[in-house]
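S.K.: Got target29.txt for you, compact mmCIF, N, CA and C atoms:
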```txt
# COMPACT_ATOMS: atom_id res chain seq x y z
N MET A 1 -40.73 -73.35 -60.76
CA MET A 1 -40.89 -74.01 -62.04
C MET A 1 -39.68 -73.68 -62.91
N TYR A 2 -39.08 -74.72 -63.44
CA TYR A 2 -37.91 -74.51 -64.27
C TYR A 2 -38.06 -75.24 -65.59
N PRO A 3 -37.71 -74.65 -66.65
CA PRO A 3 -37.33 -73.25 -66.79
C PRO A 3 -38.54 -72.35 -66.68
N PRO A 4 -38.32 -71.05 -66.48
CA PRO A 4 -39.46 -70.13 -66.36
C PRO A 4 -40.32 -70.15 -67.62
N PRO A 5 -41.59 -69.80 -67.52
CA PRO A 5 -42.46 -69.77 -68.71
C PRO A 5 -41.84 -68.92 -69.82
N GLY A 6 -41.94 -69.43 -71.03
CA GLY A 6 -41.39 -68.74 -72.19
C GLY A 6 -39.95 -69.09 -72.48
N HIS A 7 -39.32 -69.90 -71.62
CA HIS A 7 -37.95 -70.33 -71.81
C HIS A 7 -37.94 -71.84 -72.06
N PHE A 8 -36.81 -72.35 -72.51
CA PHE A 8 -36.73 -73.76 -72.83
C PHE A 8 -35.31 -74.25 -72.60
N ILE A 9 -35.14 -75.54 -72.66
CA ILE A 9 -33.83 -76.18 -72.52
C ILE A 9 -33.43 -76.70 -73.89
N LEU A 10 -32.20 -76.40 -74.29
CA LEU A 10 -31.69 -76.94 -75.55
C LEU A 10 -31.30 -78.39 -75.32
N ALA A 11 -31.73 -79.25 -76.19
CA ALA A 11 -31.43 -80.68 -76.07
C ALA A 11 -30.95 -81.20 -77.42
N ASP A 12 -30.22 -82.31 -77.38
CA ASP A 12 -29.77 -82.89 -78.64
C ASP A 12 -30.87 -83.78 -79.22
N GLY A 13 -30.59 -84.34 -80.37
CA GLY A 13 -31.58 -85.12 -81.08
C GLY A 13 -31.98 -86.42 -80.42
N GLY A 14 -31.30 -86.80 -79.35
CA GLY A 14 -31.67 -88.00 -78.62
C GLY A 14 -32.90 -87.80 -77.75
N TYR A 15 -33.37 -86.57 -77.65
CA TYR A 15 -34.55 -86.25 -76.84
C TYR A 15 -35.69 -85.83 -77.75
N PRO A 16 -36.90 -85.93 -77.27
CA PRO A 16 -38.03 -85.44 -78.06
C PRO A 16 -38.13 -83.92 -77.95
N CYS A 17 -38.66 -83.30 -78.97
CA CYS A 17 -38.92 -81.86 -78.95
C CYS A 17 -40.27 -81.68 -78.25
N LEU A 18 -40.25 -81.06 -77.07
CA LEU A 18 -41.46 -80.98 -76.23
C LEU A 18 -41.74 -79.56 -75.75
N GLN A 19 -43.02 -79.30 -75.49
CA GLN A 19 -43.41 -78.11 -74.74
C GLN A 19 -43.80 -78.50 -73.32
N HIS A 20 -44.34 -79.71 -73.17
CA HIS A 20 -44.80 -80.17 -71.86
C HIS A 20 -44.48 -81.66 -71.74
N PRO A 21 -44.04 -82.17 -70.64
CA PRO A 21 -43.97 -81.58 -69.31
C PRO A 21 -42.73 -80.73 -69.09
N LEU A 22 -41.71 -80.84 -69.94
CA LEU A 22 -40.49 -80.05 -69.82
C LEU A 22 -40.18 -79.47 -71.18
N PRO A 23 -40.08 -78.13 -71.29
CA PRO A 23 -39.85 -77.54 -72.61
C PRO A 23 -38.44 -77.81 -73.12
N LEU A 24 -38.35 -78.72 -74.08
CA LEU A 24 -37.08 -79.10 -74.71
C LEU A 24 -37.13 -78.74 -76.19
N ILE A 25 -36.14 -78.00 -76.65
CA ILE A 25 -36.06 -77.69 -78.07
C ILE A 25 -34.88 -78.47 -78.64
N THR A 26 -35.17 -79.27 -79.63
CA THR A 26 -34.17 -80.12 -80.28
C THR A 26 -33.97 -79.66 -81.72
N PRO A 27 -32.86 -80.05 -82.35
CA PRO A 27 -32.67 -79.70 -83.76
C PRO A 27 -33.64 -80.47 -84.64
N TYR A 28 -33.81 -79.97 -85.85
CA TYR A 28 -34.59 -80.70 -86.84
C TYR A 28 -33.83 -81.97 -87.19
N LYS A 29 -34.58 -83.03 -87.46
CA LYS A 29 -33.96 -84.30 -87.85
C LYS A 29 -33.41 -84.20 -89.26
N ARG A 30 -32.37 -84.99 -89.49
CA ARG A 30 -31.75 -85.03 -90.81
C ARG A 30 -32.50 -85.99 -91.71
N PRO A 31 -32.64 -85.77 -92.98
CA PRO A 31 -32.13 -84.61 -93.70
C PRO A 31 -33.01 -83.39 -93.44
N VAL A 32 -32.35 -82.25 -93.24
CA VAL A 32 -33.05 -81.00 -92.91
C VAL A 32 -33.60 -80.39 -94.19
N GLN A 33 -34.86 -80.01 -94.14
CA GLN A 33 -35.52 -79.41 -95.29
C GLN A 33 -35.64 -77.90 -95.11
N GLY A 34 -35.11 -77.14 -96.03
CA GLY A 34 -35.28 -75.70 -96.04
C GLY A 34 -34.15 -74.95 -95.34
N VAL A 35 -33.95 -73.71 -95.81
CA VAL A 35 -32.89 -72.86 -95.28
C VAL A 35 -33.17 -72.47 -93.84
N GLY A 36 -34.43 -72.20 -93.50
CA GLY A 36 -34.78 -71.81 -92.14
C GLY A 36 -34.41 -72.89 -91.13
N ALA A 37 -34.73 -74.13 -91.45
CA ALA A 37 -34.42 -75.24 -90.56
C ALA A 37 -32.91 -75.44 -90.46
N GLN A 38 -32.20 -75.25 -91.57
CA GLN A 38 -30.74 -75.38 -91.56
C GLN A 38 -30.11 -74.31 -90.66
N ARG A 39 -30.59 -73.06 -90.79
CA ARG A 39 -30.07 -71.98 -89.94
C ARG A 39 -30.39 -72.25 -88.48
N PHE A 40 -31.61 -72.73 -88.22
CA PHE A 40 -31.99 -73.04 -86.84
C PHE A 40 -31.04 -74.09 -86.27
N ASN A 41 -30.82 -75.18 -87.00
CA ASN A 41 -29.93 -76.23 -86.53
C ASN A 41 -28.51 -75.71 -86.29
N LEU A 42 -28.04 -74.81 -87.14
CA LEU A 42 -26.70 -74.25 -86.98
C LEU A 42 -26.62 -73.44 -85.67
N HIS A 43 -27.59 -72.56 -85.45
CA HIS A 43 -27.60 -71.75 -84.23
C HIS A 43 -27.80 -72.62 -82.99
N HIS A 44 -28.66 -73.61 -83.10
CA HIS A 44 -28.91 -74.53 -81.99
C HIS A 44 -27.63 -75.26 -81.64
N SER A 45 -26.91 -75.75 -82.64
CA SER A 45 -25.68 -76.49 -82.42
C SER A 45 -24.61 -75.61 -81.78
N ARG A 46 -24.49 -74.38 -82.24
CA ARG A 46 -23.49 -73.46 -81.68
C ARG A 46 -23.81 -73.13 -80.22
N ALA A 47 -25.07 -72.89 -79.92
CA ALA A 47 -25.45 -72.58 -78.55
C ALA A 47 -25.20 -73.79 -77.65
N ARG A 48 -25.57 -74.97 -78.11
CA ARG A 48 -25.32 -76.18 -77.32
C ARG A 48 -23.84 -76.42 -77.12
N SER A 49 -23.03 -76.10 -78.11
CA SER A 49 -21.58 -76.26 -78.01
C SER A 49 -21.02 -75.40 -76.88
N ILE A 50 -21.49 -74.19 -76.75
CA ILE A 50 -21.05 -73.30 -75.68
C ILE A 50 -21.46 -73.87 -74.33
N ILE A 51 -22.67 -74.37 -74.24
CA ILE A 51 -23.17 -74.96 -73.00
C ILE A 51 -22.34 -76.19 -72.64
N GLU A 52 -22.09 -77.06 -73.62
CA GLU A 52 -21.30 -78.27 -73.36
C GLU A 52 -19.88 -77.92 -72.92
N ARG A 53 -19.31 -76.87 -73.52
CA ARG A 53 -17.96 -76.45 -73.14
C ARG A 53 -17.95 -75.95 -71.69
N ALA A 54 -18.99 -75.20 -71.30
CA ALA A 54 -19.08 -74.72 -69.92
C ALA A 54 -19.20 -75.90 -68.96
N PHE A 55 -20.03 -76.89 -69.29
CA PHE A 55 -20.14 -78.08 -68.44
C PHE A 55 -18.81 -78.82 -68.37
N GLY A 56 -18.11 -78.89 -69.50
CA GLY A 56 -16.81 -79.55 -69.51
C GLY A 56 -15.81 -78.85 -68.60
N MET A 57 -15.80 -77.52 -68.62
CA MET A 57 -14.90 -76.77 -67.73
C MET A 57 -15.27 -77.00 -66.27
N MET A 58 -16.57 -77.01 -65.98
CA MET A 58 -17.00 -77.25 -64.59
C MET A 58 -16.62 -78.66 -64.15
N LYS A 59 -16.80 -79.65 -65.03
CA LYS A 59 -16.44 -81.02 -64.68
C LYS A 59 -14.94 -81.15 -64.45
N THR A 60 -14.14 -80.41 -65.20
CA THR A 60 -12.70 -80.43 -65.01
C THR A 60 -12.33 -79.77 -63.68
N ARG A 61 -12.91 -78.60 -63.42
CA ARG A 61 -12.61 -77.86 -62.21
C ARG A 61 -13.05 -78.62 -60.95
N PHE A 62 -14.21 -79.23 -61.01
CA PHE A 62 -14.78 -79.92 -59.85
C PHE A 62 -14.83 -81.43 -60.10
N ARG A 63 -13.77 -81.96 -60.64
CA ARG A 63 -13.69 -83.38 -61.01
C ARG A 63 -14.03 -84.29 -59.83
N SER A 64 -13.57 -83.91 -58.63
CA SER A 64 -13.81 -84.79 -57.47
C SER A 64 -15.30 -84.82 -57.10
N ILE A 65 -16.05 -83.85 -57.56
CA ILE A 65 -17.49 -83.82 -57.28
C ILE A 65 -18.28 -84.49 -58.40
N PHE A 66 -17.97 -84.15 -59.65
CA PHE A 66 -18.80 -84.58 -60.76
C PHE A 66 -18.43 -85.93 -61.36
N LEU A 67 -17.25 -86.43 -61.09
CA LEU A 67 -16.86 -87.69 -61.72
C LEU A 67 -16.98 -88.89 -60.79
N LYS A 68 -17.74 -88.73 -59.73
CA LYS A 68 -18.07 -89.86 -58.87
C LYS A 68 -19.46 -89.60 -58.30
N ALA A 69 -20.03 -90.60 -57.69
CA ALA A 69 -21.38 -90.45 -57.13
C ALA A 69 -21.35 -89.44 -55.99
N LEU A 70 -22.29 -88.51 -56.01
CA LEU A 70 -22.39 -87.53 -54.93
C LEU A 70 -22.90 -88.22 -53.66
N GLU A 71 -22.26 -87.94 -52.57
CA GLU A 71 -22.66 -88.55 -51.31
C GLU A 71 -23.54 -87.60 -50.51
N VAL A 72 -24.60 -87.14 -51.18
CA VAL A 72 -25.59 -86.28 -50.54
C VAL A 72 -26.97 -86.82 -50.91
N HIS A 73 -27.97 -86.43 -50.16
CA HIS A 73 -29.34 -86.83 -50.48
C HIS A 73 -29.71 -86.27 -51.86
N HIS A 74 -30.43 -87.04 -52.64
CA HIS A 74 -30.72 -86.64 -54.02
C HIS A 74 -31.42 -85.28 -54.12
N THR A 75 -32.16 -84.88 -53.10
CA THR A 75 -32.84 -83.58 -53.17
C THR A 75 -31.86 -82.42 -53.00
N PHE A 76 -30.64 -82.71 -52.53
CA PHE A 76 -29.64 -81.67 -52.32
C PHE A 76 -28.73 -81.50 -53.55
N VAL A 77 -28.78 -82.42 -54.49
CA VAL A 77 -27.91 -82.38 -55.67
C VAL A 77 -28.03 -81.07 -56.45
N PRO A 78 -29.24 -80.55 -56.71
CA PRO A 78 -29.31 -79.27 -57.43
C PRO A 78 -28.57 -78.14 -56.71
N HIS A 79 -28.56 -78.16 -55.39
CA HIS A 79 -27.85 -77.12 -54.64
C HIS A 79 -26.34 -77.26 -54.82
N VAL A 80 -25.85 -78.49 -54.86
CA VAL A 80 -24.41 -78.72 -55.07
C VAL A 80 -24.02 -78.21 -56.46
N ILE A 81 -24.81 -78.54 -57.47
CA ILE A 81 -24.51 -78.11 -58.83
C ILE A 81 -24.57 -76.59 -58.94
N THR A 82 -25.57 -75.98 -58.32
CA THR A 82 -25.69 -74.52 -58.33
C THR A 82 -24.48 -73.88 -57.65
N ALA A 83 -24.07 -74.41 -56.51
CA ALA A 83 -22.90 -73.87 -55.81
C ALA A 83 -21.65 -73.97 -56.68
N CYS A 84 -21.48 -75.10 -57.37
CA CYS A 84 -20.34 -75.27 -58.26
C CYS A 84 -20.38 -74.26 -59.41
N ALA A 85 -21.57 -74.03 -59.95
CA ALA A 85 -21.71 -73.06 -61.05
C ALA A 85 -21.35 -71.66 -60.57
N ILE A 86 -21.78 -71.29 -59.37
CA ILE A 86 -21.46 -69.97 -58.82
C ILE A 86 -19.96 -69.84 -58.61
N LEU A 87 -19.34 -70.85 -57.99
CA LEU A 87 -17.90 -70.82 -57.78
C LEU A 87 -17.14 -70.79 -59.10
N HIS A 88 -17.61 -71.54 -60.07
CA HIS A 88 -17.00 -71.55 -61.40
C HIS A 88 -17.05 -70.15 -62.03
N ASN A 89 -18.21 -69.49 -61.93
CA ASN A 89 -18.34 -68.15 -62.50
C ASN A 89 -17.44 -67.15 -61.79
N ILE A 90 -17.26 -67.30 -60.48
CA ILE A 90 -16.33 -66.44 -59.74
C ILE A 90 -14.91 -66.66 -60.27
N CYS A 91 -14.53 -67.92 -60.45
CA CYS A 91 -13.20 -68.23 -60.98
C CYS A 91 -13.01 -67.61 -62.36
N LEU A 92 -14.00 -67.73 -63.23
CA LEU A 92 -13.90 -67.14 -64.56
C LEU A 92 -13.76 -65.62 -64.46
N GLY A 93 -14.50 -65.02 -63.52
CA GLY A 93 -14.47 -63.57 -63.35
C GLY A 93 -13.11 -63.03 -62.96
N VAL A 94 -12.29 -63.83 -62.31
CA VAL A 94 -10.94 -63.40 -61.92
C VAL A 94 -9.87 -63.97 -62.87
N GLY A 95 -10.32 -64.54 -63.99
CA GLY A 95 -9.39 -64.99 -65.01
C GLY A 95 -8.88 -66.41 -64.88
N ASP A 96 -9.43 -67.19 -63.98
CA ASP A 96 -9.01 -68.58 -63.81
C ASP A 96 -9.83 -69.45 -64.75
N ILE A 97 -9.33 -69.58 -65.97
CA ILE A 97 -10.06 -70.31 -67.01
C ILE A 97 -9.40 -71.67 -67.21
N MET A 98 -10.22 -72.71 -67.19
CA MET A 98 -9.72 -74.07 -67.39
C MET A 98 -10.24 -74.60 -68.71
N ALA A 99 -9.37 -75.31 -69.41
CA ALA A 99 -9.82 -75.95 -70.64
C ALA A 99 -10.61 -77.20 -70.27
N PRO A 100 -11.72 -77.43 -70.94
CA PRO A 100 -12.49 -78.64 -70.64
C PRO A 100 -11.73 -79.88 -71.07
N GLU A 101 -12.00 -80.99 -70.38
CA GLU A 101 -11.40 -82.25 -70.80
C GLU A 101 -11.95 -82.62 -72.16
N ASP A 102 -11.17 -83.38 -72.89
CA ASP A 102 -11.60 -83.80 -74.22
C ASP A 102 -12.72 -84.81 -74.10
N GLU A 103 -13.91 -84.38 -74.46
CA GLU A 103 -15.07 -85.27 -74.51
C GLU A 103 -15.74 -85.04 -75.84
N HIS A 104 -15.99 -86.08 -76.55
CA HIS A 104 -16.62 -85.95 -77.85
C HIS A 104 -18.01 -86.56 -77.77
N GLU A 105 -19.01 -85.68 -77.80
CA GLU A 105 -20.38 -86.17 -77.79
C GLU A 105 -20.93 -86.07 -79.19
N GLU A 106 -21.65 -87.06 -79.57
CA GLU A 106 -22.25 -87.08 -80.88
C GLU A 106 -23.47 -86.19 -80.91
N ASP A 107 -23.66 -85.49 -82.02
CA ASP A 107 -24.82 -84.63 -82.19
C ASP A 107 -25.84 -85.31 -83.10
N ASP A 108 -25.66 -86.63 -83.27
CA ASP A 108 -26.55 -87.37 -84.17
C ASP A 108 -27.92 -87.54 -83.54
N VAL A 109 -28.90 -87.61 -84.41
CA VAL A 109 -30.26 -87.84 -83.96
C VAL A 109 -30.42 -89.31 -83.58
N GLU A 110 -30.99 -89.56 -82.41
CA GLU A 110 -31.20 -90.93 -81.96
C GLU A 110 -32.70 -91.18 -81.83
N ASP A 111 -33.05 -92.43 -81.62
CA ASP A 111 -34.43 -92.80 -81.42
C ASP A 111 -34.98 -92.13 -80.18
N GLU A 112 -36.18 -91.58 -80.28
CA GLU A 112 -36.76 -90.87 -79.15
C GLU A 112 -37.35 -91.80 -78.11
N GLY A 113 -37.56 -93.06 -78.43
CA GLY A 113 -37.99 -94.04 -77.43
C GLY A 113 -39.41 -93.83 -76.93
N GLU A 114 -39.75 -94.58 -75.89
CA GLU A 114 -41.07 -94.52 -75.28
C GLU A 114 -41.10 -93.46 -74.18
N HIS A 115 -42.26 -92.80 -74.01
CA HIS A 115 -42.40 -91.78 -72.98
C HIS A 115 -43.62 -92.13 -72.13
N VAL A 116 -43.43 -92.13 -70.84
CA VAL A 116 -44.50 -92.50 -69.93
C VAL A 116 -45.46 -91.32 -69.71
N LEU A 117 -44.90 -90.10 -69.56
CA LEU A 117 -45.71 -88.93 -69.31
C LEU A 117 -46.45 -88.50 -70.58
N GLU A 118 -47.61 -87.87 -70.39
CA GLU A 118 -48.29 -87.30 -71.53
C GLU A 118 -47.47 -86.11 -72.00
N THR A 119 -47.16 -86.06 -73.27
CA THR A 119 -46.29 -85.01 -73.78
C THR A 119 -47.04 -84.15 -74.79
N VAL A 120 -46.56 -82.92 -74.92
CA VAL A 120 -47.05 -82.00 -75.93
C VAL A 120 -45.87 -81.67 -76.82
N SER A 121 -46.01 -81.90 -78.09
CA SER A 121 -44.90 -81.70 -79.01
C SER A 121 -44.43 -80.25 -79.00
N GLY A 122 -43.12 -80.09 -79.09
CA GLY A 122 -42.53 -78.77 -79.18
C GLY A 122 -42.24 -78.37 -80.61
N ALA A 123 -42.62 -79.22 -81.57
CA ALA A 123 -42.32 -78.94 -82.98
C ALA A 123 -42.91 -77.61 -83.45
N PRO A 124 -44.16 -77.27 -83.11
CA PRO A 124 -44.67 -75.96 -83.54
C PRO A 124 -43.86 -74.80 -82.95
N TRP A 125 -43.44 -74.95 -81.70
CA TRP A 125 -42.62 -73.93 -81.05
C TRP A 125 -41.27 -73.81 -81.75
N ARG A 126 -40.66 -74.96 -82.07
CA ARG A 126 -39.39 -74.97 -82.78
C ARG A 126 -39.56 -74.31 -84.15
N ASP A 127 -40.67 -74.59 -84.84
CA ASP A 127 -40.92 -73.98 -86.15
C ASP A 127 -41.01 -72.46 -86.03
N GLN A 128 -41.67 -71.99 -84.97
CA GLN A 128 -41.78 -70.55 -84.74
C GLN A 128 -40.40 -69.93 -84.48
N LEU A 129 -39.60 -70.59 -83.64
CA LEU A 129 -38.24 -70.11 -83.38
C LEU A 129 -37.40 -70.11 -84.65
N SER A 130 -37.57 -71.15 -85.45
CA SER A 130 -36.83 -71.24 -86.71
C SER A 130 -37.18 -70.08 -87.62
N ALA A 131 -38.47 -69.75 -87.71
CA ALA A 131 -38.90 -68.63 -88.55
C ALA A 131 -38.34 -67.31 -88.02
N GLU A 132 -38.30 -67.16 -86.70
CA GLU A 132 -37.74 -65.94 -86.11
C GLU A 132 -36.25 -65.83 -86.38
N VAL A 133 -35.53 -66.94 -86.27
CA VAL A 133 -34.08 -66.93 -86.53
C VAL A 133 -33.83 -66.57 -88.00
N SER A 134 -34.63 -67.14 -88.90
CA SER A 134 -34.44 -66.88 -90.32
C SER A 134 -34.79 -65.45 -90.69
N ALA A 135 -35.70 -64.83 -89.95
CA ALA A 135 -36.13 -63.47 -90.24
C ALA A 135 -35.10 -62.44 -89.77
N LEU A 136 -34.20 -62.83 -88.90
CA LEU A 136 -33.21 -61.90 -88.36
C LEU A 136 -32.03 -61.76 -89.30
N GLU A 137 -32.20 -60.97 -90.36
CA GLU A 137 -31.13 -60.82 -91.33
C GLU A 137 -29.95 -60.06 -90.75
N GLU A 138 -30.20 -59.22 -89.71
CA GLU A 138 -29.10 -58.47 -89.14
C GLU A 138 -28.19 -59.33 -88.27
N VAL A 139 -28.62 -60.54 -87.92
CA VAL A 139 -27.79 -61.46 -87.15
C VAL A 139 -27.05 -62.34 -88.13
N PRO A 140 -25.73 -62.15 -88.25
CA PRO A 140 -24.97 -62.97 -89.19
C PRO A 140 -24.97 -64.42 -88.78
N ILE A 141 -24.74 -65.30 -89.74
CA ILE A 141 -24.77 -66.73 -89.49
C ILE A 141 -23.67 -67.13 -88.50
N ASP A 142 -22.62 -66.31 -88.38
CA ASP A 142 -21.55 -66.62 -87.43
C ASP A 142 -21.70 -65.83 -86.14
N HIS A 143 -22.93 -65.58 -85.75
CA HIS A 143 -23.27 -64.85 -84.52
C HIS A 143 -22.55 -65.44 -83.31
N ASP A 144 -22.01 -64.57 -82.46
CA ASP A 144 -21.29 -64.99 -81.26
C ASP A 144 -22.29 -65.04 -80.10
N TYR A 145 -22.40 -66.19 -79.45
CA TYR A 145 -23.38 -66.36 -78.38
C TYR A 145 -22.86 -65.96 -77.02
N TRP A 146 -21.65 -65.46 -76.90
CA TRP A 146 -21.12 -65.07 -75.60
C TRP A 146 -21.82 -63.91 -75.11
```
Just give me the structure of the file as structure tokens.
M.R.:
Amino acid sequence: MYPPPGHFILADGGYPCLQHPLPLITPYKRPVQGVGAQRFNLHHSRARSIIERAFGMMKTRFRSIFLKALEVHHTFVPHVITACAILHNICLGVGDIMAPEDEHEEDDVEDEGEHVLETVSGAPWRDQLSAEVSALEEVPIDHDYW
């Protein structure tokens, strides 16, 4: 089961905030009300930025794999991505750092659209995380996620 219980996937505003069937935590929609929600969105955006940068570096390093259709059975795709992530981390460990290609993704909130699966809103979970982030006064607003 992925992600493990108690964990979630950071998603942009184009996705719904869900607990089930897949735990996705999205930023609060604009206009954001309250300091807690603003801090949450700031931390969420910074964490997603690091993730997007890592994906950008992997796409640059393994361009021949990620920028065309994979010629493997669809059930094998997660193994290919995992292998690339492991190789990428080995490269980083020995100092082979690649700058990601310039890709500009919008962080704007989009329509959540129709959902076929029965979903459970993640908004209460996001509210709880927001309260926890706001309560952490010892974590400065410019916290480094590395």
S.K.: Nearest to Asp12 (chain A) among A:Arg30, A:Arg48, A:Leu87, A:Val80, with distances taken over only C-alpha atoms: which residue is it?
M.R.: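 Of A:Arg30, A:Arg48, A:Leu87, A:Val80, the one nearest Asp12 (chain A) is A:Arg48, counting only C-alpha atoms.
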S.K.: List as a ChimeraX atom specification the protein and nucleic acid residues near region 38-47 of chain A, meaning an atom at most 8 Å away when only C-alpha atoms are counted, but skip any in the same chain fewer than 3 places from it.
M.R.: /A:10,26-28,32-35,50-51,129-130,133-134,141,145
S.K.: Which residue, A:Ile9, A:Pro4, A:Leu92, A:Pro100, has the smallest gap to Gly56 (chain A) when you use only N, CA and C atoms?
M.R.: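 Of all the options, A:Pro100 lies closest to Gly56 (chain A).
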S.K.: Just give me the gap between atom N of Ala69 (chain A) and atom C of Ile81 (chain A) in Å, one decimal is fine.
M.R.: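 Taking atom N of Ala69 (chain A) as the start and atom C of Ile81 (chain A) as the end point, the length is 14.8 Å.
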S.K.: How many Å lie between CA of Ala123 (chain A) and CA of Pro3 (chain A), rounded to one decimal?
M.R.: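 Calculated distance between CA of Ala123 (chain A) and CA of Pro3 (chain A) is 17.9 Å.
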S.K.: When you draw a straight line from atom N of Arg126 (chain A) to atom N of Leu22 (chain A), how long is it in Å?
M.R.: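 Computing the Euclidean distance for atom N of Arg126 (chain A) and atom N of Leu22 (chain A) yields 13.5 Å.
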S.K.: Which residues are near Phe8 (chain A)? Cut-off 6.5 Å, all atoms listed in the file, ignore same chain within fewer than 5 positions. Put them as a PyMOL selection string.
M.R.: chain A and resi 3+23-25
S.K.: Based on the backbone DSSP call, show me all residues of region 37-109 of chain A assigned helix (DSSP H, G or I), as number ranges by chain.
M.R.: A: 37-61, 63-66, 74-93
